[in-house]
>>> print(open('protein22.pdb').read())   # PDB, C-alpha atoms
ATOM      1  CA  CYS Y 786      56.753  -2.123 -12.072  1.00  0.00           C
ATOM      2  CA  SER Y 787      58.618  -4.187  -9.543  1.00  0.00           C
ATOM      3  CA  ASP Y 788      55.824  -6.504  -8.457  1.00  0.00           C
ATOM      4  CA  TRP Y 789      52.711  -8.216  -9.819  1.00  0.00           C
ATOM      5  CA  ASN Y 790      50.604  -6.478  -7.184  1.00  0.00           C
ATOM      6  CA  ASP Y 791      51.361  -3.171  -8.895  1.00  0.00           C
ATOM      7  CA  LEU Y 792      49.516  -4.536 -11.908  1.00  0.00           C
ATOM      8  CA  VAL Y 793      46.570  -5.862  -9.925  1.00  0.00           C
ATOM      9  CA  CYS Y 794      45.878  -2.361  -8.653  1.00  0.00           C
ATOM     10  CA  ASP Y 795      46.516  -0.702 -12.026  1.00  0.00           C
ATOM     11  CA  LEU Y 796      43.328   0.789 -13.432  1.00  0.00           C
ATOM     12  CA  THR Y 797      44.465   1.289 -17.020  1.00  0.00           C
ATOM     13  CA  MET Y 798      42.585  -1.882 -18.053  1.00  0.00           C
ATOM     14  CA  HIS Y 799      39.616   0.107 -19.327  1.00  0.00           C
ATOM     15  CA  ALA Y 800      36.850  -1.712 -21.132  1.00  0.00           C
ATOM     16  CA  THR Y 801      35.785   1.414 -22.973  1.00  0.00           C
ATOM     17  CA  HIS Y 802      39.039   3.349 -23.417  1.00  0.00           C
ATOM     18  CA  PRO Y 803      42.472   2.420 -24.779  1.00  0.00           C
ATOM     19  CA  ARG Y 804      45.143   2.033 -22.125  1.00  0.00           C
ATOM     20  CA  PRO Y 805      48.750   3.155 -22.094  1.00  0.00           C
ATOM     21  CA  ARG Y 806      51.404   0.467 -22.264  1.00  0.00           C
ATOM     22  CA  ILE Y 807      52.856  -0.630 -18.929  1.00  0.00           C
ATOM     23  CA  GLN Y 808      56.619  -0.727 -19.207  1.00  0.00           C
ATOM     24  CA  CYS Y 809      57.279  -4.152 -17.693  1.00  0.00           C
ATOM     25  CA  SER Y 810      59.147  -6.990 -19.320  1.00  0.00           C
ATOM     26  CA  ALA Y 811      57.776 -10.517 -19.464  1.00  0.00           C
ATOM     27  CA  LEU Y 812      61.076 -11.747 -18.074  1.00  0.00           C
ATOM     28  CA  ALA Y 813      60.779  -9.531 -14.992  1.00  0.00           C
ATOM     29  CA  LEU Y 814      57.220 -10.639 -14.279  1.00  0.00           C
ATOM     30  CA  ALA Y 815      57.992 -14.308 -14.832  1.00  0.00           C
ATOM     31  CA  SER Y 816      60.032 -14.292 -11.638  1.00  0.00           C
ATOM     32  CA  HIS Y 817      56.943 -13.160  -9.685  1.00  0.00           C
ATOM     33  CA  PRO Y 818      54.233 -15.839 -10.084  1.00  0.00           C
ATOM     34  CA  PRO Y 819      50.760 -14.275  -9.777  1.00  0.00           C
ATOM     35  CA  PRO Y 820      49.610 -14.545  -6.154  1.00  0.00           C
ATOM     36  CA  GLN Y 821      46.046 -15.285  -7.275  1.00  0.00           C
ATOM     37  CA  ALA Y 822      47.107 -18.491  -9.073  1.00  0.00           C
ATOM     38  CA  PRO Y 823      46.507 -20.911  -6.128  1.00  0.00           C
ATOM     39  CA  PHE Y 824      42.969 -19.571  -5.654  1.00  0.00           C
ATOM     40  CA  TRP Y 825      42.200 -19.939  -9.353  1.00  0.00           C
ATOM     41  CA  GLU Y 826      43.527 -23.505  -9.447  1.00  0.00           C
ATOM     42  CA  GLU Y 827      41.434 -24.386  -6.404  1.00  0.00           C
ATOM     43  CA  LEU Y 828      38.273 -23.111  -8.118  1.00  0.00           C
ATOM     44  CA  VAL Y 829      39.107 -24.453 -11.587  1.00  0.00           C
ATOM     45  CA  PRO Y 830      41.274 -27.577 -11.162  1.00  0.00           C
ATOM     46  CA  ASP Y 831      40.448 -28.986 -14.610  1.00  0.00           C
ATOM     47  CA  LYS Y 832      43.090 -27.589 -16.959  1.00  0.00           C
ATOM     48  CA  THR Y 833      41.115 -28.687 -20.012  1.00  0.00           C
ATOM     49  CA  SER Y 834      38.472 -26.076 -19.126  1.00  0.00           C
ATOM     50  CA  LYS Y 835      37.494 -23.544 -21.764  1.00  0.00           C
ATOM     51  CA  VAL Y 836      38.544 -20.276 -20.133  1.00  0.00           C
ATOM     52  CA  LEU Y 837      37.470 -16.741 -21.037  1.00  0.00           C
ATOM     53  CA  VAL Y 838      39.880 -13.927 -20.143  1.00  0.00           C
ATOM     54  CA  PRO Y 839      38.426 -10.396 -20.408  1.00  0.00           C
ATOM     55  CA  GLY Y 840      40.847  -7.483 -20.780  1.00  0.00           C
ATOM     56  CA  ILE Y 841      44.325  -8.744 -21.604  1.00  0.00           C
ATOM     57  CA  GLY Y 842      46.888  -6.311 -23.010  1.00  0.00           C
ATOM     58  CA  ASN Y 843      49.994  -6.314 -20.811  1.00  0.00           C
ATOM     59  CA  ASP Y 844      48.836  -9.124 -18.531  1.00  0.00           C
ATOM     60  CA  VAL Y 845      51.682 -11.648 -18.455  1.00  0.00           C
ATOM     61  CA  ALA Y 846      49.727 -13.743 -15.935  1.00  0.00           C
ATOM     62  CA  ILE Y 847      47.563 -14.956 -18.802  1.00  0.00           C
ATOM     63  CA  VAL Y 848      50.624 -16.316 -20.607  1.00  0.00           C
ATOM     64  CA  GLU Y 849      51.596 -18.067 -17.367  1.00  0.00           C
ATOM     65  CA  LEU Y 850      48.050 -19.445 -17.130  1.00  0.00           C
ATOM     66  CA  PHE Y 851      48.530 -20.997 -20.563  1.00  0.00           C
ATOM     67  CA  ASP Y 852      51.993 -22.325 -19.760  1.00  0.00           C
ATOM     68  CA  THR Y 853      50.773 -24.067 -16.590  1.00  0.00           C
ATOM     69  CA  GLY Y 854      48.318 -26.092 -18.652  1.00  0.00           C
ATOM     70  CA  TYR Y 855      45.172 -23.995 -19.155  1.00  0.00           C
ATOM     71  CA  SER Y 856      45.658 -24.026 -22.894  1.00  0.00           C
ATOM     72  CA  THR Y 857      42.114 -23.462 -24.196  1.00  0.00           C
ATOM     73  CA  LEU Y 858      41.916 -19.701 -23.714  1.00  0.00           C
ATOM     74  CA  SER Y 859      39.705 -17.104 -25.368  1.00  0.00           C
ATOM     75  CA  CYS Y 860      41.018 -13.631 -24.591  1.00  0.00           C
ATOM     76  CA  PHE Y 861      39.706 -10.227 -25.583  1.00  0.00           C
ATOM     77  CA  ASP Y 862      40.357  -6.561 -25.081  1.00  0.00           C
ATOM     78  CA  TYR Y 863      38.338  -3.486 -26.014  1.00  0.00           C
ATOM     79  CA  ALA Y 864      41.422  -1.757 -27.384  1.00  0.00           C
ATOM     80  CA  PRO Y 865      43.139  -3.106 -30.517  1.00  0.00           C
ATOM     81  CA  GLU Y 866      46.400  -2.000 -28.918  1.00  0.00           C
ATOM     82  CA  GLY Y 867      45.723  -4.353 -26.012  1.00  0.00           C
ATOM     83  CA  VAL Y 868      45.192  -7.299 -28.331  1.00  0.00           C
ATOM     84  CA  ALA Y 869      48.346  -6.416 -30.276  1.00  0.00           C
ATOM     85  CA  ARG Y 870      50.348  -6.327 -27.052  1.00  0.00           C
ATOM     86  CA  ALA Y 871      48.877  -9.664 -25.924  1.00  0.00           C
ATOM     87  CA  ARG Y 872      49.844 -11.140 -29.301  1.00  0.00           C
ATOM     88  CA  GLU Y 873      53.431 -10.080 -28.639  1.00  0.00           C
ATOM     89  CA  LEU Y 874      53.407 -11.643 -25.163  1.00  0.00           C
ATOM     90  CA  PHE Y 875      51.866 -14.941 -26.243  1.00  0.00           C
ATOM     91  CA  GLY Y 876      54.017 -15.361 -29.326  1.00  0.00           C
ATOM     92  CA  ASP Y 877      52.788 -16.929 -32.543  1.00  0.00           C
ATOM     93  CA  THR Y 878      53.171 -20.571 -31.519  1.00  0.00           C
ATOM     94  CA  ARG Y 879      50.538 -20.293 -28.766  1.00  0.00           C
ATOM     95  CA  LEU Y 880      47.982 -18.553 -30.986  1.00  0.00           C
ATOM     96  CA  LYS Y 881      45.249 -19.936 -33.157  1.00  0.00           C
ATOM     97  CA  SER Y 882      45.432 -19.395 -36.905  1.00  0.00           C
ATOM     98  CA  PRO Y 883      44.956 -17.154 -38.792  1.00  0.00           C
ATOM     99  CA  GLY Y 884      47.910 -15.063 -37.751  1.00  0.00           C
ATOM    100  CA  GLY Y 885      49.204 -17.681 -35.338  1.00  0.00           C
ATOM    101  CA  GLY Y 886      51.079 -20.925 -35.354  1.00  0.00           C
ATOM    102  CA  GLY Y 887      48.244 -23.389 -34.847  1.00  0.00           C
ATOM    103  CA  GLY Y 888      48.046 -22.982 -31.084  1.00  0.00           C
ATOM    104  CA  THR Y 889      44.930 -22.856 -28.920  1.00  0.00           C
ATOM    105  CA  VAL Y 890      44.709 -19.206 -27.771  1.00  0.00           C
ATOM    106  CA  ASP Y 891      41.990 -17.113 -29.411  1.00  0.00           C
ATOM    107  CA  LEU Y 892      42.620 -13.342 -29.289  1.00  0.00           C
ATOM    108  CA  ARG Y 893      39.933 -10.831 -30.247  1.00  0.00           C
ATOM    109  CA  VAL Y 894      39.003  -7.186 -30.039  1.00  0.00           C
ATOM    110  CA  ALA Y 895      35.643  -7.205 -28.245  1.00  0.00           C
ATOM    111  CA  ASP Y 896      33.386  -5.249 -25.914  1.00  0.00           C
ATOM    112  CA  ALA Y 897      32.665  -6.799 -22.490  1.00  0.00           C
ATOM    113  CA  ARG Y 898      29.075  -5.543 -22.796  1.00  0.00           C
ATOM    114  CA  SER Y 899      28.423  -7.386 -26.081  1.00  0.00           C
ATOM    115  CA  LEU Y 900      30.553 -10.502 -26.371  1.00  0.00           C
ATOM    116  CA  PRO Y 901      31.120 -12.308 -29.693  1.00  0.00           C
ATOM    117  CA  TYR Y 902      30.747 -15.791 -28.198  1.00  0.00           C
ATOM    118  CA  GLY Y 903      27.892 -18.272 -28.170  1.00  0.00           C
ATOM    119  CA  ASP Y 904      25.680 -19.123 -25.207  1.00  0.00           C
ATOM    120  CA  SER Y 905      27.186 -21.449 -22.565  1.00  0.00           C
ATOM    121  CA  THR Y 906      30.553 -21.525 -24.353  1.00  0.00           C
ATOM    122  CA  PHE Y 907      32.888 -21.318 -21.359  1.00  0.00           C
ATOM    123  CA  ASP Y 908      33.648 -23.393 -18.285  1.00  0.00           C
ATOM    124  CA  ALA Y 909      35.353 -20.572 -16.417  1.00  0.00           C
ATOM    125  CA  VAL Y 910      36.259 -16.876 -16.509  1.00  0.00           C
ATOM    126  CA  PHE Y 911      39.501 -15.388 -15.172  1.00  0.00           C
ATOM    127  CA  GLU Y 912      38.653 -11.706 -14.665  1.00  0.00           C
ATOM    128  CA  LYS Y 913      41.203  -9.298 -13.236  1.00  0.00           C
ATOM    129  CA  GLY Y 914      40.288  -5.647 -13.197  1.00  0.00           C
ATOM    130  CA  THR Y 915      38.142  -5.485 -16.322  1.00  0.00           C
ATOM    131  CA  LEU Y 916      34.827  -5.289 -14.457  1.00  0.00           C
ATOM    132  CA  ASP Y 917      36.363  -2.568 -12.284  1.00  0.00           C
ATOM    133  CA  SER Y 918      37.149  -0.631 -15.439  1.00  0.00           C
ATOM    134  CA  VAL Y 919      33.698  -1.193 -16.926  1.00  0.00           C
ATOM    135  CA  PHE Y 920      32.220   0.373 -13.800  1.00  0.00           C
ATOM    136  CA  LEU Y 921      34.756   3.210 -13.756  1.00  0.00           C
ATOM    137  CA  SER Y 922      33.940   4.030 -17.387  1.00  0.00           C
ATOM    138  CA  GLY Y 923      30.858   5.784 -15.994  1.00  0.00           C
ATOM    139  CA  GLY Y 924      33.098   8.404 -14.408  1.00  0.00           C
ATOM    140  CA  LYS Y 925      31.461  10.278 -11.562  1.00  0.00           C
ATOM    141  CA  ASP Y 926      28.014   9.034 -12.546  1.00  0.00           C
ATOM    142  CA  LYS Y 927      27.638   5.801 -10.599  1.00  0.00           C
ATOM    143  CA  LYS Y 928      24.290   5.078 -12.248  1.00  0.00           C
ATOM    144  CA  VAL Y 929      25.995   4.971 -15.634  1.00  0.00           C
ATOM    145  CA  GLY Y 930      28.811   2.807 -14.273  1.00  0.00           C
ATOM    146  CA  THR Y 931      26.340   0.454 -12.612  1.00  0.00           C
ATOM    147  CA  GLU Y 932      24.389   0.027 -15.857  1.00  0.00           C
ATOM    148  CA  GLN Y 933      27.563  -0.669 -17.860  1.00  0.00           C
ATOM    149  CA  LEU Y 934      28.580  -3.237 -15.256  1.00  0.00           C
ATOM    150  CA  ARG Y 935      25.126  -4.852 -15.384  1.00  0.00           C
ATOM    151  CA  LEU Y 936      25.487  -5.314 -19.133  1.00  0.00           C
ATOM    152  CA  ALA Y 937      28.923  -6.910 -18.758  1.00  0.00           C
ATOM    153  CA  VAL Y 938      27.806  -9.306 -16.010  1.00  0.00           C
ATOM    154  CA  SER Y 939      24.707 -10.208 -18.031  1.00  0.00           C
ATOM    155  CA  GLU Y 940      26.990 -11.195 -20.910  1.00  0.00           C
ATOM    156  CA  LEU Y 941      29.070 -13.384 -18.597  1.00  0.00           C
ATOM    157  CA  SER Y 942      25.847 -15.057 -17.476  1.00  0.00           C
ATOM    158  CA  ARG Y 943      25.083 -15.794 -21.111  1.00  0.00           C
ATOM    159  CA  VAL Y 944      28.456 -17.185 -22.228  1.00  0.00           C
ATOM    160  CA  VAL Y 945      29.300 -19.241 -19.101  1.00  0.00           C
ATOM    161  CA  ARG Y 946      27.720 -22.699 -18.912  1.00  0.00           C
ATOM    162  CA  ASN Y 947      25.617 -23.875 -15.990  1.00  0.00           C
ATOM    163  CA  GLY Y 948      28.089 -25.011 -13.331  1.00  0.00           C
ATOM    164  CA  GLY Y 949      30.790 -22.704 -14.697  1.00  0.00           C
ATOM    165  CA  ILE Y 950      32.985 -20.485 -12.536  1.00  0.00           C
ATOM    166  CA  VAL Y 951      33.839 -16.778 -12.581  1.00  0.00           C
ATOM    167  CA  MET Y 952      36.769 -15.547 -10.503  1.00  0.00           C
ATOM    168  CA  SER Y 953      37.128 -11.777 -10.222  1.00  0.00           C
ATOM    169  CA  VAL Y 954      40.164  -9.969  -8.819  1.00  0.00           C
ATOM    170  CA  SER Y 955      38.894  -6.503  -7.971  1.00  0.00           C
ATOM    171  CA  THR Y 956      39.954  -3.359  -6.130  1.00  0.00           C
ATOM    172  CA  PRO Y 957      37.829  -0.210  -6.534  1.00  0.00           C
ATOM    173  CA  ALA Y 958      34.461  -1.599  -7.632  1.00  0.00           C
ATOM    174  CA  THR Y 959      34.174  -4.761  -5.524  1.00  0.00           C
ATOM    175  CA  ARG Y 960      30.851  -3.827  -3.926  1.00  0.00           C
ATOM    176  CA  TYR Y 961      29.275  -2.941  -7.267  1.00  0.00           C
ATOM    177  CA  ILE Y 962      30.534  -6.135  -8.931  1.00  0.00           C
ATOM    178  CA  ASP Y 963      29.161  -8.202  -6.048  1.00  0.00           C
ATOM    179  CA  THR Y 964      25.781  -6.480  -6.363  1.00  0.00           C
ATOM    180  CA  ALA Y 965      25.677  -6.996 -10.141  1.00  0.00           C
ATOM    181  CA  PHE Y 966      26.163 -10.763  -9.814  1.00  0.00           C
ATOM    182  CA  ALA Y 967      23.612 -10.975  -6.987  1.00  0.00           C
ATOM    183  CA  ALA Y 968      21.053  -9.184  -9.175  1.00  0.00           C
ATOM    184  CA  GLU Y 969      21.339 -11.667 -12.075  1.00  0.00           C
ATOM    185  CA  THR Y 970      18.308 -13.958 -12.171  1.00  0.00           C
ATOM    186  CA  ALA Y 971      17.014 -16.652 -14.505  1.00  0.00           C
ATOM    187  CA  GLY Y 972      13.645 -16.424 -16.260  1.00  0.00           C
ATOM    188  CA  ASP Y 973      11.933 -18.151 -13.334  1.00  0.00           C
ATOM    189  CA  GLY Y 974      13.400 -15.674 -10.850  1.00  0.00           C
ATOM    190  CA  ARG Y 975      16.058 -17.971  -9.403  1.00  0.00           C
ATOM    191  CA  PRO Y 976      19.525 -16.456  -8.826  1.00  0.00           C
ATOM    192  CA  ARG Y 977      21.902 -17.291 -11.655  1.00  0.00           C
ATOM    193  CA  TRP Y 978      24.997 -17.273  -9.460  1.00  0.00           C
ATOM    194  CA  LYS Y 979      26.038 -18.892  -6.194  1.00  0.00           C
ATOM    195  CA  GLN Y 980      28.814 -16.984  -4.453  1.00  0.00           C
ATOM    196  CA  LEU Y 981      31.890 -19.082  -3.653  1.00  0.00           C
ATOM    197  CA  ARG Y 982      34.270 -16.321  -2.514  1.00  0.00           C
ATOM    198  CA  ASP Y 983      32.979 -13.105  -0.981  1.00  0.00           C
ATOM    199  CA  GLY Y 984      36.218 -11.208  -0.437  1.00  0.00           C
ATOM    200  CA  ASP Y 985      36.821 -12.454   3.091  1.00  0.00           C
ATOM    201  CA  VAL Y 986      40.132 -14.085   3.973  1.00  0.00           C
ATOM    202  CA  HIS Y 987      40.400 -17.528   2.402  1.00  0.00           C
ATOM    203  CA  ILE Y 988      43.129 -20.122   2.893  1.00  0.00           C
ATOM    204  CA  THR Y 989      43.629 -22.933   0.390  1.00  0.00           C
ATOM    205  CA  ALA Y 990      44.368 -26.524   1.400  1.00  0.00           C
ATOM    206  CA  ASP Y 991      48.011 -25.808   0.528  1.00  0.00           C
ATOM    207  CA  GLY Y 992      48.132 -22.868   2.921  1.00  0.00           C
ATOM    208  CA  PHE Y 993      47.921 -19.938   0.513  1.00  0.00           C
ATOM    209  CA  ALA Y 994      46.004 -16.996   1.998  1.00  0.00           C
ATOM    210  CA  THR Y 995      44.146 -14.276   0.122  1.00  0.00           C
ATOM    211  CA  ILE Y 996      45.709 -11.646   2.391  1.00  0.00           C
ATOM    212  CA  ASN Y 997      48.815 -12.012   0.208  1.00  0.00           C
ATOM    213  CA  VAL Y 998      46.874 -10.678  -2.790  1.00  0.00           C
ATOM    214  CA  ASP Y 999      46.710  -6.890  -2.891  1.00  0.00           C
ATOM    215  CA  ALA Y1000      43.108  -6.992  -4.120  1.00  0.00           C
ATOM    216  CA  THR Y1001      39.785  -8.649  -3.332  1.00  0.00           C
ATOM    217  CA  ILE Y1002      39.022 -12.093  -4.744  1.00  0.00           C
ATOM    218  CA  LEU Y1003      35.388 -12.811  -5.568  1.00  0.00           C
ATOM    219  CA  ALA Y1004      34.050 -15.972  -7.182  1.00  0.00           C
ATOM    220  CA  TRP Y1005      30.746 -17.431  -8.261  1.00  0.00           C
ATOM    221  CA  GLU Y1006      29.337 -20.635  -9.748  1.00  0.00           C
ATOM    222  CA  ARG Y1007      26.543 -20.362 -12.296  1.00  0.00           C
ATOM    223  CA  THR Y1008      23.608 -22.357 -10.977  1.00  0.00           C
ATOM    224  CA  SER Y1009      20.739 -21.529 -13.332  1.00  0.00           C
TER     225      SER Y1009
END
>>> encode(input="protein22.pdb", output="structure tokens")
Amino acid sequence: CSDWNDLVCDLTMHATHPRPRIQCSALALASHPPPQAPFWEELVPDKTSKVLVPGIGNDVAIVELFDTGYSTLSCFDYAPEGVARARELFGDTRLKSPGGGGGTVDLRVADARSLPYGDSTFDAVFEKGTLDSVFLSGGKDKKVGTEQLRLAVSELSRVVRNGGIVMSVSTPATRYIDTAFAAETAGDGRPRWKQLRDGDVHITADGFATINVDATILAWERTS
């Protein structure tokens, strides 16, 4: 790969199937800061936030997220191979023990549809392509894909605290992801999520525009 955008559009980040390894070096990607970073920092300015990262594997952007100050990360992947690769990219010193050097990154093998975290654990979620892959796991049957996506979004509703943020970088399943968040309601019928970014062009105060990201950026705040 010659550019981060190649990774944004890559659909090997499957939530229900192992992915092949992408042959990109961390050094090569480090020279291409993720274009979605300014939009994330605008939505989640507090770097002490507890951040959940679904679907990791070869994603060097998550290492960069840590190195820019978002050090309390919980990352998971459905495939053990993805977690092993992420362990290589993070290096032992960034990782929590056991198996790490006393750092603050928690890596786990987990299923996006049944997360091993407590209720209201996280302040924010940095999601890039995993919900796409959950939907695509249904193959040609969109009903199956929609149900798998509903389960994953329901789990995000459970583990994100009230007032927490989800940012999703999506390509093929944007409409279905949007619908899944809109359908989430609390016990009293109120919507659980307020949409902050709907995929339209957005320009940050520093002049960064979403048109420079080769994907759609969606974001929500949990309100109930």
>>> atom_distance(input="protein22.pdb", atom1="CA of Arg898 in chain Y", atom2="CA of Ile1002 in chain Y")
21.6 Å
>>> resolve_selection(input="protein22.pdb", expression="the PyMOL selection byres ((chain Y and resi 908) around 7)", output="list in words")
Ser834, Lys835, Val836, Phe907, Ala909, Val945, Arg946, Gly949 and Ile950 of chain Y
>>> residues_around(input="protein22.pdb", residues="range 844-857 of chain Y", least_positions_apart="2", cutoff="6 Å", atoms="only C-alpha atoms", output="ChimeraX atom specification")
/Y:832,835,841-842,875,889
>>> residues_near_point(input="protein22.pdb", point="(43.1, -15.4, 2.4)", cutoff="12 Å", atoms="all atoms listed in the file", output="VMD selection string")
chain Y and resid 820 to 821 823 to 824 982 to 1003
>>> closest_residue(input="protein22.pdb", among="Y:Thr970, Y:Ser859, Y:Ser1009, Y:Thr833", to="Val894 in chain Y", atoms="only C-alpha atoms")
Y:Ser859
>>> build_atoms(input="protein22.pdb", residues="range 977-994 of chain Y", atoms="N, CA and C atoms", output="PDB file, in the frame of the given file")
ATOM      1  N   ARG Y 977      21.056 -16.593 -10.690  1.00  0.00           N
ATOM      2  CA  ARG Y 977      21.902 -17.291 -11.655  1.00  0.00           C
ATOM      3  C   ARG Y 977      23.227 -17.737 -11.046  1.00  0.00           C
ATOM      4  N   TRP Y 978      23.656 -17.048  -9.983  1.00  0.00           N
ATOM      5  CA  TRP Y 978      24.997 -17.273  -9.460  1.00  0.00           C
ATOM      6  C   TRP Y 978      24.984 -17.593  -7.970  1.00  0.00           C
ATOM      7  N   LYS Y 979      25.784 -18.575  -7.596  1.00  0.00           N
ATOM      8  CA  LYS Y 979      26.038 -18.892  -6.194  1.00  0.00           C
ATOM      9  C   LYS Y 979      27.427 -18.377  -5.843  1.00  0.00           C
ATOM     10  N   GLN Y 980      27.509 -17.563  -4.800  1.00  0.00           N
ATOM     11  CA  GLN Y 980      28.814 -16.984  -4.453  1.00  0.00           C
ATOM     12  C   GLN Y 980      29.683 -18.015  -3.734  1.00  0.00           C
ATOM     13  N   LEU Y 981      30.919 -18.152  -4.230  1.00  0.00           N
ATOM     14  CA  LEU Y 981      31.890 -19.082  -3.653  1.00  0.00           C
ATOM     15  C   LEU Y 981      32.957 -18.362  -2.834  1.00  0.00           C
ATOM     16  N   ARG Y 982      33.303 -17.154  -3.236  1.00  0.00           N
ATOM     17  CA  ARG Y 982      34.270 -16.321  -2.514  1.00  0.00           C
ATOM     18  C   ARG Y 982      33.680 -14.930  -2.413  1.00  0.00           C
ATOM     19  N   ASP Y 983      33.638 -14.394  -1.182  1.00  0.00           N
ATOM     20  CA  ASP Y 983      32.979 -13.105  -0.981  1.00  0.00           C
ATOM     21  C   ASP Y 983      33.942 -11.988  -0.597  1.00  0.00           C
ATOM     22  N   GLY Y 984      35.238 -12.232  -0.771  1.00  0.00           N
ATOM     23  CA  GLY Y 984      36.218 -11.208  -0.437  1.00  0.00           C
ATOM     24  C   GLY Y 984      36.814 -11.355   0.942  1.00  0.00           C
ATOM     25  N   ASP Y 985      36.230 -12.202   1.780  1.00  0.00           N
ATOM     26  CA  ASP Y 985      36.821 -12.454   3.091  1.00  0.00           C
ATOM     27  C   ASP Y 985      38.101 -13.268   2.940  1.00  0.00           C
ATOM     28  N   VAL Y 986      38.881 -13.321   3.999  1.00  0.00           N
ATOM     29  CA  VAL Y 986      40.132 -14.085   3.973  1.00  0.00           C
ATOM     30  C   VAL Y 986      39.821 -15.555   3.693  1.00  0.00           C
ATOM     31  N   HIS Y 987      40.558 -16.114   2.753  1.00  0.00           N
ATOM     32  CA  HIS Y 987      40.400 -17.528   2.402  1.00  0.00           C
ATOM     33  C   HIS Y 987      41.773 -18.171   2.358  1.00  0.00           C
ATOM     34  N   ILE Y 988      41.871 -19.379   2.894  1.00  0.00           N
ATOM     35  CA  ILE Y 988      43.129 -20.122   2.893  1.00  0.00           C
ATOM     36  C   ILE Y 988      42.914 -21.436   2.153  1.00  0.00           C
ATOM     37  N   THR Y 989      43.751 -21.695   1.152  1.00  0.00           N
ATOM     38  CA  THR Y 989      43.629 -22.933   0.390  1.00  0.00           C
ATOM     39  C   THR Y 989      44.147 -24.108   1.213  1.00  0.00           C
ATOM     40  N   ALA Y 990      43.888 -25.314   0.724  1.00  0.00           N
ATOM     41  CA  ALA Y 990      44.368 -26.524   1.400  1.00  0.00           C
ATOM     42  C   ALA Y 990      45.894 -26.553   1.477  1.00  0.00           C
ATOM     43  N   ASP Y 991      46.549 -25.856   0.541  1.00  0.00           N
ATOM     44  CA  ASP Y 991      48.011 -25.808   0.528  1.00  0.00           C
ATOM     45  C   ASP Y 991      48.567 -24.667   1.363  1.00  0.00           C
ATOM     46  N   GLY Y 992      47.675 -23.906   2.005  1.00  0.00           N
ATOM     47  CA  GLY Y 992      48.132 -22.868   2.921  1.00  0.00           C
ATOM     48  C   GLY Y 992      48.309 -21.487   2.322  1.00  0.00           C
ATOM     49  N   PHE Y 993      47.844 -21.271   1.102  1.00  0.00           N
ATOM     50  CA  PHE Y 993      47.921 -19.938   0.513  1.00  0.00           C
ATOM     51  C   PHE Y 993      46.747 -19.095   1.005  1.00  0.00           C
ATOM     52  N   ALA Y 994      47.038 -17.864   1.428  1.00  0.00           N
ATOM     53  CA  ALA Y 994      46.004 -16.996   1.998  1.00  0.00           C
ATOM     54  C   ALA Y 994      45.758 -15.794   1.099  1.00  0.00           C
TER      55      ALA Y 994
END
